[in-house]
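J.: First the structure, then my questions, so here it is.
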Amino acid sequence: MAAHLQEILYIEVPTPDVVAVRRWLQEEFSPSVGDKQTTPDGIRLAIQGQNSVAGEICIFVWSVQRTTYLKAFRWAETLIPGERQIKDQLTANIRQQFPHQYPVPPAAKGERSIFELLGTQYPQTVKYFQKIPNGEYDLNRAYWWEQRWRSSVIHPQQPQQVVFQTNNATGDNPEYDLIYIGGALGVIHAAVMAKLGYRVLLIERMPFGRMNREWNISRDEFQSLINLGLFTPAEFESVIAAEYEDGFHKFFDANNPPQCRAAILHTPTVLNVAIDAEKFLGLCGAKLRAAGGEIWDETEFQRADVEPQQVIVNCRYLPTGTAKTCTGRLLVDAMGTASPIAWQLNGKRAFDSVCPTVGAVISGGFPAGVWDSRYGDVLNSHGDISRGRQLIWELFPGEGTDLTIYLFHYHQIHPDNPGSLLEMYEDFFTILPEYRRCDMEDLVWKKATFGYIPGHFSVGSDDRTIAFDRLVAIGDAASLQSPLVFTGFGSLVRNLNRLTQLLDVALKHDLLSARHLNRIRAYQSNVAVTWLFSKGMMIPTGQFVPPARINSMLNTFFGILASEPPAVAEAFIKDRVDWFTFNRLALKAARLNPALLLWIWQLAGVKDLTRWLGSYLDFTLSALFGWLLAWLPNFTRACQPWLENRYPGLWFWLLAQISVPQAGAMNSHRYPQPMRKGTTEARSEVVN
């Protein structure tokens with residue numbers, strides 16, 4: 001029998017310094033058996049048998065994604081004596097020599113510019129931010145956001161107190177009905193409520209309309225904004241930057257076993273409409289002002305004092321440092337992941353996971369044929385695990401020749417490793433040519449995009465605090481997100497009708513205690529149960545797993561979706577999957593790749609698997625009750641004329657129950673609509 005090559009070891013060495021790893025392998029590694037010889041990329045070990053050479057082990061390293069990978073191959077007819085010993089020794093020694101490192105950005109000192117501060121540790125980031133319009137401002141913003149995020153993660157037991165409750169009654173005529181803090185997602189909801197006749201104030205830390213992210217959505221999801229009367233169809237068309245024909249999902253599978261290699265998943269109606277975010281926000285702001293609302297931008301929230309009849313909000317106008325104060329009936333926290341209110345209300349369980357996300361809008365410079373702007377890259381990986389993270393790309397066509405490109409990973413929050421935007425940006429600018437062929441010097445940079453997208457592993461609808469008396473959180477501050485591809489924008493838009501009508505009833509009947517406001521949430525049991533998918537894409541801090549493991553898991557499931565009718569994949573990715581479909585797909589995945597269950601067990605652990613069983617039970621009961629109580633929405637609507645005025649608390653509770661999306665079906669019920677303030681007749685538009 002002729003000798004043949006057989007892969008016996010594949011590991012990641014978590015360092016971008018492949019030269020150091022190769023030098024260590026060639027000069028310092030002392031194998032317990034075999035005769036070592038150097039090769040251009042590693043070493044060869046000749047293993048002696050009883051009478052002759054039994055075989056060779058070839059070990060080599062290479063670099064991609066700013067990390068180093070090592071493979072070992074056996075050249076022999078059968079197992080070589082001492083082979084396992086060599087593998088164990090090599091793995092142990094290299095783990096000791098090159099452990100996981102979690103760099104910390106330098107602390108700001110003196111009057112140094114952000115470029116001077118970060119230039120040594122993040123040279124590529126500084127180089128390319130200097131080429132981006134407003135790059136210095138945006139890099140300062142990314143640095144500030146990371147520092148604030150790190151502080152919150154490292155000191156979870158001591159969140160900054162910014163909300164205070166008092167029994168003082170300094171006034172009973174607040175200036176505003178609603179005060180929103182956060183002008184991105186906040187202005188969407190604020191504009192809707194202002195059009196209903198409420199007195200609304202929006203407070204934004206940045207100049208209003210500036211965005212560090214671009215937004216994508218589908219036509220059917222945006223329809224909810226049209227149904228609510230916030231946008232006309234013509235206005236929607238005016239904020240579309242691009243609309244592509246198809247979107248792709250594909251994960252690197254060169255190192256996957258055969259059953260974990262998948263075809264491309266096509267989703268032509270997922271995230272296929274690129275929104276001009278700044279134009280969209282500007283239009284929302286104009287509608288807010290036209291309805292009598294106000295906007296205070298470049299104004300930073302300081303604290304909120306909750307009194308029996310109002311909430312007092314203290315702010316600081318950043319350009320001058322001047323203190324500003326306002327009063328309202330209700331405060332809405334839309335500050336996103338950096339929200340100090342969310343951290344105060346939930347302590348160390350403010351968020352269970354996060355997606356550090358970086359990227360840029362690039363208006364030109366790619367060679368012809370690199371990308372066809374008729375298509376989007378919804379989820380893509382071009383390599384295996386890199387320094388404890390499975391990096392995933394997104395690419396969306398924008399206006400004209402613009403391409404919006406993101407790089408992110410699913411991350412388990414840990415005090416030693418909170419998750420870094422700056423490390424991700426250094427990756428982004430270094431490995432972009434690996435993902436899409438280009439010369440970095442030729443690219444025309446238009447805008448930086450970045451942020452922390454949070455995740456919360458819900459077991460039930462009440463296991464996260466999103467409200468205080470006269471205070472409620474929405475969007476990312478409420479950890480309102482989807483486990484796979486959607487951020488707070490898509491989730492907020494899909495649930496805007498529900499949030500609006502519940503908030504309208506709460507304000508109309510002064511149901512503004514924490515007990516009532518905590519029901520104004522966009523919890524879906526079918527979304528809660530899918531957090532295990534995102535958990536399975538996170539490498540626990542300090543642990544090593546086989547480099548191809550996450551790609552194998554992703555390809556297993558997305559390969560199944562690719563084999564299903566398009567409607568099934570769309571329903572799953574858009575959070576509409578029902579109980580029967582979810583279970584059918586899960587069983588199909590288990591049959592295709594039985595090791596999947598063991599892999600999830602290893603990554604999630606006993607504690608989180610137990611929590612997930614609670615989520616699954618809640619999903620099952622929700623589906624059962626949704627079926628048994630299918631009559632409840634019609635009954636509730638019939639009761640509205642006499643029930644709402646006599647028993648507003650009961651009406652609010654019933655409305656909260658029937659407006660929870662059953663089995664993940666968006667707009668599965670026709671809900672009673674909000675009424676304009678001062679009128680007695682409901683709006684004529686009905687959301688389907």
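Letters A, B, ... mark the chains of the structure tokens in the order given; residue numbers begin at 1 per chain; ligand numbers begin at 1, in order shown.
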Please provide as a tab-separated table (two decimals) with C-alpha atoms, in the first residue's frame all residues within 10 Å of Trp24 of chain A, with the sequence filter that same-chain residues fewer than 6 positions apart are discarded (counting only C-alpha atoms).
T.:
```
chain	number	residue	atom	x	y	z
A	18	VAL	CA	2.91	34.24	12.03
A	30	SER	CA	11.63	20.18	20.93
A	42	GLY	CA	7.33	24.92	9.41
A	94	ILE	CA	1.97	26.27	21.65
A	97	GLN	CA	3.65	30.09	24.34
```
J.: Determine, counting only C-alpha atoms, which protein, DNA and RNA residues have an atom within 8 Å of an atom of Val270 of chain A; residues of the same chain fewer than 6 positions away are not included. Present the result as a ChimeraX atom specification.
T.: /A:217-218,247,570,573-574
J.: Emit the selected residues as an mmCIF file, in the first residue's frame, including all heavy atoms.
T.:
```cif
data_model
loop_
_atom_site.group_PDB
_atom_site.id
_atom_site.type_symbol
_atom_site.label_atom_id
_atom_site.label_comp_id
_atom_site.auth_asym_id
_atom_site.auth_seq_id
_atom_site.Cartn_x
_atom_site.Cartn_y
_atom_site.Cartn_z
ATOM 1 N N ILE A 217 -33.604 47.030 5.307
ATOM 2 C CA ILE A 217 -34.883 46.456 5.710
ATOM 3 C C ILE A 217 -35.536 45.907 4.446
ATOM 4 O O ILE A 217 -34.966 45.992 3.351
ATOM 5 C CB ILE A 217 -35.765 47.541 6.392
ATOM 6 C CG1 ILE A 217 -36.854 46.918 7.256
ATOM 7 C CG2 ILE A 217 -36.340 48.524 5.366
ATOM 8 C CD1 ILE A 217 -37.504 47.918 8.213
ATOM 9 N N SER A 218 -36.711 45.309 4.568
ATOM 10 C CA SER A 218 -37.458 44.855 3.396
ATOM 11 C C SER A 218 -38.722 45.700 3.245
ATOM 12 O O SER A 218 -39.151 46.379 4.187
ATOM 13 C CB SER A 218 -37.826 43.375 3.529
ATOM 14 O OG SER A 218 -38.662 43.171 4.655
ATOM 15 N N GLY A 247 -29.931 38.313 -2.083
ATOM 16 C CA GLY A 247 -28.944 38.349 -1.013
ATOM 17 C C GLY A 247 -28.415 36.955 -0.750
ATOM 18 O O GLY A 247 -29.145 35.955 -0.867
ATOM 19 N N GLU A 570 -37.048 32.813 4.734
ATOM 20 C CA GLU A 570 -37.430 34.195 5.023
ATOM 21 C C GLU A 570 -38.129 34.302 6.370
ATOM 22 O O GLU A 570 -37.864 35.205 7.166
ATOM 23 C CB GLU A 570 -38.330 34.744 3.920
ATOM 24 C CG GLU A 570 -38.767 36.178 4.170
ATOM 25 C CD GLU A 570 -39.512 36.771 2.999
ATOM 26 O OE1 GLU A 570 -39.218 36.409 1.849
ATOM 27 O OE2 GLU A 570 -40.391 37.616 3.235
ATOM 28 N N ILE A 573 -35.488 33.945 9.232
ATOM 29 C CA ILE A 573 -34.575 35.073 9.390
ATOM 30 C C ILE A 573 -35.319 36.342 9.788
ATOM 31 O O ILE A 573 -34.753 37.213 10.452
ATOM 32 C CB ILE A 573 -33.759 35.272 8.094
ATOM 33 C CG1 ILE A 573 -32.879 34.037 7.861
ATOM 34 C CG2 ILE A 573 -32.900 36.513 8.153
ATOM 35 C CD1 ILE A 573 -32.139 34.046 6.549
ATOM 36 N N LYS A 574 -36.599 36.441 9.429
ATOM 37 C CA LYS A 574 -37.383 37.618 9.799
ATOM 38 C C LYS A 574 -38.191 37.408 11.085
ATOM 39 O O LYS A 574 -39.128 38.161 11.353
ATOM 40 C CB LYS A 574 -38.338 37.992 8.656
ATOM 41 C CG LYS A 574 -37.630 38.605 7.452
ATOM 42 C CD LYS A 574 -38.642 39.065 6.414
ATOM 43 C CE LYS A 574 -37.966 39.759 5.257
ATOM 44 N NZ LYS A 574 -38.932 40.201 4.219
#
```
J.: Please return as a compact mmCIF listing (two decimals) with C-alpha atoms, in the first residue's frame: the residues of segment 138-209 of chain A that backbone DSSP assigns to strand (DSSP E or B).
T.:
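Okay, this is what ended up in result28.txt:
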```txt
# COMPACT_ATOMS: atom_id res chain seq x y z
CA VAL A 163 -32.46 57.46 37.78
CA PHE A 164 -33.67 58.59 41.19
CA GLN A 165 -37.12 58.31 42.71
CA TYR A 176 -43.98 67.43 27.69
CA ASP A 177 -45.94 64.21 27.53
CA LEU A 178 -42.91 62.27 26.25
CA ILE A 179 -39.18 62.92 26.49
CA TYR A 180 -37.04 60.66 24.27
CA ILE A 181 -33.31 60.29 24.93
CA VAL A 200 -42.74 65.41 22.49
CA LEU A 201 -39.12 66.38 23.15
CA LEU A 202 -36.18 64.46 21.64
CA ILE A 203 -32.72 64.74 23.26
```
J.: Compare A:Ala241, A:Ala448, A:Ala262, A:Ile392 by their minimum atom-to-atom distance to Gly559 of chain A, counting only C-alpha atoms, and give me the closest one.
T.: A:Ala262
J.: By how many Å are atom CA of Glu441 of chain A and atom CA of Gly369 of chain A apart?
T.: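 A separation of 18.0 Å between them.
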